[in-house]
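**Student:** If it helps, the file is called my_file-v7.cif and holds mmCIF, C-alpha atoms and all ligand atoms:
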data_start
loop_
_atom_site.label_atom_id
_atom_site.label_comp_id
_atom_site.auth_asym_id
_atom_site.auth_seq_id
_atom_site.Cartn_x
_atom_site.Cartn_y
_atom_site.Cartn_z
CA MET A 1 65.59 107.77 103.73
CA SER A 2 65.68 104.35 102.04
CA LEU A 3 65.10 101.29 104.15
CA ASN A 4 68.74 100.26 103.84
CA LEU A 5 70.02 103.65 104.88
CA TRP A 6 67.58 103.75 107.76
CA LEU A 7 68.76 100.32 108.95
CA LEU A 8 72.36 101.38 108.71
CA HIS A 9 71.64 104.54 110.66
CA TRP A 10 69.79 102.56 113.32
CA LEU A 11 72.62 100.05 113.65
CA PHE A 12 75.15 102.82 114.20
CA SER A 13 72.90 104.52 116.76
CA VAL A 14 72.49 101.31 118.73
CA ARG A 15 76.22 100.64 118.60
CA ALA A 16 76.93 104.12 119.92
CA LEU A 17 74.88 103.36 123.03
CA PHE A 18 77.10 100.47 124.02
CA VAL A 19 80.65 101.33 123.08
CA VAL A 20 82.82 104.38 123.07
CA GLY A 21 84.58 104.37 119.73
CA ALA A 22 88.34 104.73 119.54
CA ASP A 23 87.77 107.99 117.62
CA GLU A 24 85.97 109.55 120.54
CA ALA A 25 88.53 108.47 123.09
CA LEU A 26 91.17 109.84 120.75
CA ASP A 27 89.60 113.26 120.56
CA ALA A 28 92.84 114.30 122.13
CA ALA A 29 96.12 116.08 121.66
CA GLN A 30 99.23 114.37 120.30
CA GLU A 31 102.55 114.75 122.01
CA ASP A 32 106.12 113.81 121.08
CA ILE A 33 108.28 112.18 123.74
CA LEU A 34 111.87 111.43 122.68
CA GLY A 35 110.73 110.99 119.08
CA ALA A 36 107.75 108.69 119.82
CA LYS A 37 104.20 109.94 119.25
CA PHE A 38 101.55 109.64 121.96
CA TRP A 39 97.88 110.41 122.35
CA VAL A 40 97.05 112.35 125.50
CA LEU A 41 93.81 110.51 126.19
CA ARG A 42 90.49 111.83 127.31
CA ASP A 43 87.41 109.74 127.94
CA PRO A 44 83.96 111.15 127.14
CA ALA A 45 82.43 108.64 129.58
CA GLN A 46 84.66 109.77 132.48
CA PRO A 47 85.63 113.42 132.00
CA SER A 48 89.05 114.57 133.21
CA VAL A 49 89.37 116.61 136.40
CA THR A 50 90.12 120.33 135.91
CA ALA A 51 93.16 122.06 137.41
CA GLU A 52 90.87 123.99 139.75
CA GLN A 53 89.22 120.81 141.04
CA VAL A 54 92.66 119.24 141.57
CA ARG A 55 93.62 122.18 143.82
CA GLU A 56 90.32 122.15 145.72
CA ARG A 57 90.55 118.41 146.38
CA ASN A 58 94.29 118.53 147.18
CA ALA A 59 94.55 115.71 144.64
CA ILE A 60 97.49 114.42 142.61
CA GLY A 61 96.78 114.77 138.88
CA TYR A 62 98.11 112.38 136.24
CA ARG A 63 97.68 112.11 132.47
CA VAL A 64 97.09 108.88 130.53
CA LEU A 65 99.06 108.51 127.28
CA LEU A 66 98.92 105.84 124.58
CA GLU A 67 101.53 105.40 121.86
CA VAL A 68 100.06 106.22 118.44
CA GLY A 69 99.27 102.97 116.59
CA LEU A 70 98.03 101.10 119.69
CA GLU A 71 94.41 102.29 119.39
CA GLN A 72 93.16 98.70 119.74
CA GLU A 73 93.91 99.08 123.46
CA LEU A 74 91.03 101.59 123.69
CA PRO A 75 89.02 102.12 125.72
CA SER A 76 90.23 99.44 128.16
CA PHE A 77 93.72 100.89 128.83
CA PRO A 78 92.69 104.33 130.13
CA ARG A 79 89.70 102.84 132.00
CA THR A 80 91.91 100.32 133.78
CA VAL A 81 94.41 103.01 134.79
CA THR A 82 91.66 105.30 136.08
CA ASP A 83 89.96 102.48 138.00
CA VAL A 84 93.17 101.18 139.59
CA LEU A 85 94.36 104.61 140.71
CA ALA A 86 90.92 105.46 142.15
CA ASP A 87 90.61 102.13 143.99
CA ALA A 88 90.45 102.20 147.80
CA ARG A 89 93.00 99.35 147.89
CA GLY A 90 95.56 101.53 146.11
CA TRP A 91 97.92 104.42 146.93
CA GLN A 92 95.17 106.88 147.70
CA GLY A 93 95.34 105.25 151.16
CA ILE A 94 98.08 107.84 151.86
CA GLY A 95 95.28 110.39 152.06
CA ARG A 96 95.65 111.93 148.59
CA GLU A 97 93.23 111.32 145.73
CA LEU A 98 94.76 110.41 142.36
CA VAL A 99 92.78 111.92 139.47
CA ARG A 100 93.13 111.96 135.68
CA VAL A 101 93.81 115.38 134.16
CA GLU A 102 94.80 116.61 130.70
CA SER A 103 97.27 119.29 131.79
CA ASN A 104 99.39 120.30 134.81
CA ALA A 105 99.94 116.64 135.66
CA ARG A 106 102.35 115.50 138.36
CA PHE A 107 103.10 112.40 136.29
CA ASP A 108 102.05 110.45 133.19
CA VAL A 109 100.95 106.82 132.90
CA LEU A 110 101.71 105.61 129.39
CA LEU A 111 101.48 102.40 127.39
CA ALA A 112 104.02 101.90 124.60
CA ARG A 113 105.76 99.33 122.41
CA PRO A 114 108.75 97.55 124.00
CA ASP A 115 111.32 99.48 121.85
CA THR A 116 109.80 102.79 122.87
CA ILE A 117 109.82 101.76 126.55
CA ASP A 118 113.54 100.99 126.29
CA GLN A 119 114.18 104.53 125.00
CA LEU A 120 111.99 106.18 127.64
CA CYS A 121 113.48 104.16 130.51
CA ALA A 122 117.19 104.47 129.53
CA PRO A 123 119.65 104.30 131.19
CA LEU A 124 117.60 101.68 133.06
CA ARG A 125 117.88 98.49 131.01
CA THR A 126 114.32 97.33 130.32
CA ARG A 127 115.53 95.16 127.38
CA GLY A 128 112.17 95.08 125.61
CA GLU A 129 110.76 93.12 128.55
CA TYR A 130 110.19 95.39 131.50
CA SER A 131 108.41 98.61 132.43
CA CYS A 132 109.72 101.49 134.53
CA GLY A 133 108.60 104.37 136.72
CA ARG A 134 111.00 107.29 136.49
CA GLU A 135 111.24 110.90 135.26
CA ARG A 136 107.58 111.44 136.16
CA ARG A 137 106.49 108.63 133.82
CA ALA A 138 105.01 105.23 134.58
CA ALA A 139 106.10 103.64 131.28
CA LEU A 140 104.16 100.39 130.81
CA ASN A 141 105.46 97.79 128.36
CA LEU A 142 102.85 96.69 125.78
CA ALA A 143 104.15 93.09 125.72
CA ARG A 144 103.70 92.73 129.50
CA TRP A 145 100.31 94.50 129.34
CA ARG A 146 99.06 92.00 126.76
CA GLU A 147 100.76 88.80 127.91
CA GLY A 148 101.43 89.23 131.63
CA THR A 149 104.43 87.35 132.99
CA PRO A 150 105.17 83.74 134.10
CA THR A 151 105.24 84.65 137.82
CA TRP A 152 101.59 85.71 137.52
CA GLY A 153 100.45 82.76 135.33
CA ASP A 154 97.14 83.37 133.51
CA ASP A 155 96.13 86.34 135.64
CA VAL A 156 96.88 89.09 133.10
CA ARG A 157 94.28 91.43 134.61
CA GLY A 158 95.78 91.09 138.06
CA TYR A 159 99.24 91.67 136.64
CA ARG A 160 98.04 94.87 134.93
CA ASN A 161 96.91 96.20 138.32
CA TYR A 162 100.37 95.33 139.64
CA MET A 163 102.16 97.14 136.77
CA ILE A 164 100.21 100.33 137.36
CA ASN A 165 100.52 100.29 141.16
CA HIS A 166 104.23 99.35 141.11
CA GLU A 167 105.39 102.01 138.62
CA VAL A 168 103.16 104.73 140.09
CA GLY A 169 104.52 103.71 143.51
CA HIS A 170 108.02 104.64 142.28
CA LEU A 171 106.78 108.02 141.04
CA LEU A 172 105.21 108.74 144.43
CA GLY A 173 108.58 107.98 146.06
CA MET A 174 108.56 104.27 146.93
CA PRO A 175 111.69 102.13 146.54
CA HIS A 176 111.70 98.36 145.99
CA GLN A 177 110.65 96.11 148.89
CA ARG A 178 111.38 92.49 149.85
CA CYS A 179 108.79 89.73 150.37
CA PRO A 180 107.58 90.50 153.93
CA GLU A 181 106.68 86.90 154.83
CA ALA A 182 107.02 83.68 152.81
CA GLY A 183 103.60 82.36 151.76
CA GLY A 184 101.94 85.75 152.34
CA PRO A 185 100.95 88.37 149.76
CA ALA A 186 103.82 90.05 147.93
CA ALA A 187 104.56 93.73 148.41
CA VAL A 188 103.48 95.68 145.33
CA MET A 189 106.96 97.25 145.33
CA GLN A 190 108.61 93.83 144.93
CA GLN A 191 109.91 93.15 141.43
CA GLN A 192 107.17 90.59 140.85
CA THR A 193 107.76 90.44 137.09
CA MET A 194 111.02 88.60 137.74
CA GLU A 195 110.38 86.59 140.90
CA LEU A 196 108.07 86.36 143.91
CA ASP A 197 110.76 85.51 146.46
CA GLY A 198 108.47 83.06 148.32
CA CYS A 199 105.47 85.43 148.37
CA VAL A 200 102.15 85.07 146.52
CA ALA A 201 101.52 87.42 143.55
CA HIS A 202 99.63 90.51 144.73
CA GLY A 203 98.68 93.62 142.75
CA TRP A 204 97.88 96.15 145.51
CA PRO A 205 100.08 97.95 148.01
CA LEU A 206 100.16 96.19 151.39
CA PRO A 207 98.93 98.32 154.34
CA VAL A 208 102.54 98.43 155.56
CA GLU A 209 103.61 99.93 152.19
CA VAL A 210 100.86 102.56 152.28
CA ASP A 211 101.94 103.48 155.84
CA LYS A 212 105.58 103.69 154.81
CA LEU A 213 104.79 106.02 151.89
CA ARG A 214 102.54 108.20 154.05
CA ARG A 215 105.30 108.61 156.65
CA MET A 216 107.97 109.28 154.02
CA ARG A 217 105.88 111.99 152.38
CA ALA A 218 105.01 113.57 155.73
CA SER A 219 108.73 113.81 156.57
CA TRP A 220 109.47 115.50 153.19
CA ARG A 221 107.03 118.29 154.02
CA LYS A 222 108.95 119.24 157.17
ZN ZN A 301 110.42 98.81 140.25
#
Would you put the structure from the file into structure tokens?
**Tutor:**
Amino acid sequence: MSLNLWLLHWLFSVRALFVVGADEALDAAQEDILGAKFWVLRDPAQPSVTAEQVRERNAIGYRVLLEVGLEQELPSFPRTVTDVLADARGWQGIGRELVRVESNARFDVLLARPDTIDQLCAPLRTRGEYSCGRERRAALNLARWREGTPTWGDDVRGYRNYMINHEVGHLLGMPHQRCPEAGGPAAVMQQQTMELDGCVAHGWPLPVEVDKLRRMRASWRK
């Protein structure tokens, strides 16, 4: 091996230790949804949970999808979704684990271009600006994911947590909520993208919201 080739090889090896390339994260199936193409993502650093494990753990399985062409959002998009849905501050407070799977999912969390979101969310009018959680899909708008929203100011990361928790909240059965107390933290099921209604921006379900969802789901089982 020439010195140059050896150096090149070494550089690639070192790089591989620090980053997961988009190619690896995209070692995944493609799926068509209403004419738009999506990657069904897997993450070599955090393997998906198998159907058997989902049953054993009485967990709720979800898939993570990314519209083809948005590979620059890798690997941060699927990692953020996985981290938020596994967080103790989140919906797993209802007593059910939320785990990423590649098949037999209860719902999908997907990131797509604004036009695609409008198609997926219709007849809801997302107008290229909003996201939605319906038809077993948390459909996250790329523009909001990248830029956040004025009600959240510069806190784009915090707003991303909100987007995931709000739309997944709908899929688990939660309706919209009002600001519980002016000056206090907003309910995650408030429409915080549009206005805060006197509350302070907040990206996690309030304990009262987690309780409400737990009680609602318990009553459905009867
Ligand atoms: Zn909503």
**Student:** Taking all atoms listed in the file into account, list the residues no farther than 12 Å from ligand ZN 301 (chain A), as a PyMOL selection string.
**Tutor:** chain A and resi 121+124-126+130-134+138-140+162-178+187-194
**Student:** Hey, which bits of segment 166-215 of chain A sit within 10 Å of segment 146-159 of chain A, and for each residue what's the closest pair of atoms and how far apart in Å (one decimal), counting only C-alpha atoms, rows by chain and increasing number, as a tab-separated table?
**Tutor:**
residue	atom	partner	partner_atom	distance
A:Gln192	CA	A:Thr151	CA	6.9
A:Thr193	CA	A:Thr149	CA	6.1
A:Met194	CA	A:Thr151	CA	7.0
A:Glu195	CA	A:Thr151	CA	6.3
A:Leu196	CA	A:Thr151	CA	6.9
A:Val200	CA	A:Trp152	CA	9.0
A:Ala201	CA	A:Trp152	CA	6.3
A:His202	CA	A:Gly158	CA	7.7
A:Gly203	CA	A:Gly158	CA	6.1
A:Trp204	CA	A:Gly158	CA	9.2
**Student:** Quote the spacing between atom CA of Arg79 of chain A and atom CA of Asp115 of chain A in Å to one decimal place.
**Tutor:**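 The value is 24.1 Å.
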**Student:** What is the distance between atom CA of Asn161 of chain A and atom CA of Asp87 of chain A, in Å to one decimal?
**Tutor:**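 Taking atom CA of Asn161 of chain A as the start and atom CA of Asp87 of chain A as the end point, the length is 10.3 Å.
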**Student:** Name the closest residue to Lys37 of chain A among the candidates A:Gln72, A:Asp108, A:Tyr62, A:Thr116; distances are taken between atoms, counting only C-alpha atoms.
**Tutor:**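 Of all the options, A:Thr116 lies closest to Lys37 of chain A.
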**Student:** What does the distance from atom CA of Arg127 of chain A to atom CA of Leu142 of chain A come to in Å, to one decimal?
**Tutor:**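 Separation of atom CA of Arg127 of chain A and atom CA of Leu142 of chain A: 12.9 Å.
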**Student:** Just the residues within 10 Å of Ser48 of chain A, please, counting all atoms listed in the file, with nothing from its chain fewer than 6 positions along; format it as JSON, numbers by chain.
**Tutor:** {"A": [41, 42, 61, 62, 63, 99, 100, 101, 102, 103]}
**Student:** Between A:Glu97, A:Asp118, A:Glu181, A:Asp32, which is the closest to Gly198 of chain A once you count only C-alpha atoms?
**Tutor:**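 Looking only at the distances to Gly198 of chain A, the closest residue turns out to be A:Glu181.
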**Student:** Can you pull out the residues contacting segment 53-59 of chain A? Cut-off 6 Å, using all atoms listed in the file, and skip same-chain residues under 2 positions away; I want them as a list in words.
**Tutor:**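 Listed by chain and then number, they are Thr50, Ala51, Arg96, Glu97 and Leu98 of chain A.
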**Student:** From the list A:Pro205, A:Val40, A:Cys179, A:Pro47, which residue is nearest Leu85 of chain A when using only C-alpha atoms?
**Tutor:**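 The shortest atom-to-atom distance to Leu85 of chain A comes from A:Pro205.
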**Student:** Between A:Ala143, A:Val208, A:Asn104, A:Thr80, which has the minimum distance to Glu52 of chain A (counting only C-alpha atoms)?
**Tutor:** A:Asn104
**Student:** Which residues come within 9 Å of Ile94 of chain A, counting only C-alpha atoms, excluding same-chain residues fewer than 4 positions away, as number ranges by chain?
**Tutor:** A: 90, 210-211, 213-215, 217
**Student:** Distance cut-off 8 Å, centre (102.7, 106.2, 118.4) in file coordinates, counting only C-alpha atoms: which residues qualify? Return them as a list of chain:residue names.
**Tutor:**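 The residues that fall inside the cut-off are A:Ala36, A:Lys37, A:Phe38, A:Trp39, A:Leu66, A:Glu67, A:Val68, A:Gly69, A:Leu70, A:Ala112.
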**Student:** Which of these residues is nearest to Pro207 of chain A, using only C-alpha atoms: A:Phe107, A:Trp220, A:Arg160, A:Trp91?
**Tutor:**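 Closest to Pro207 of chain A, using only C-alpha atoms: A:Trp91.
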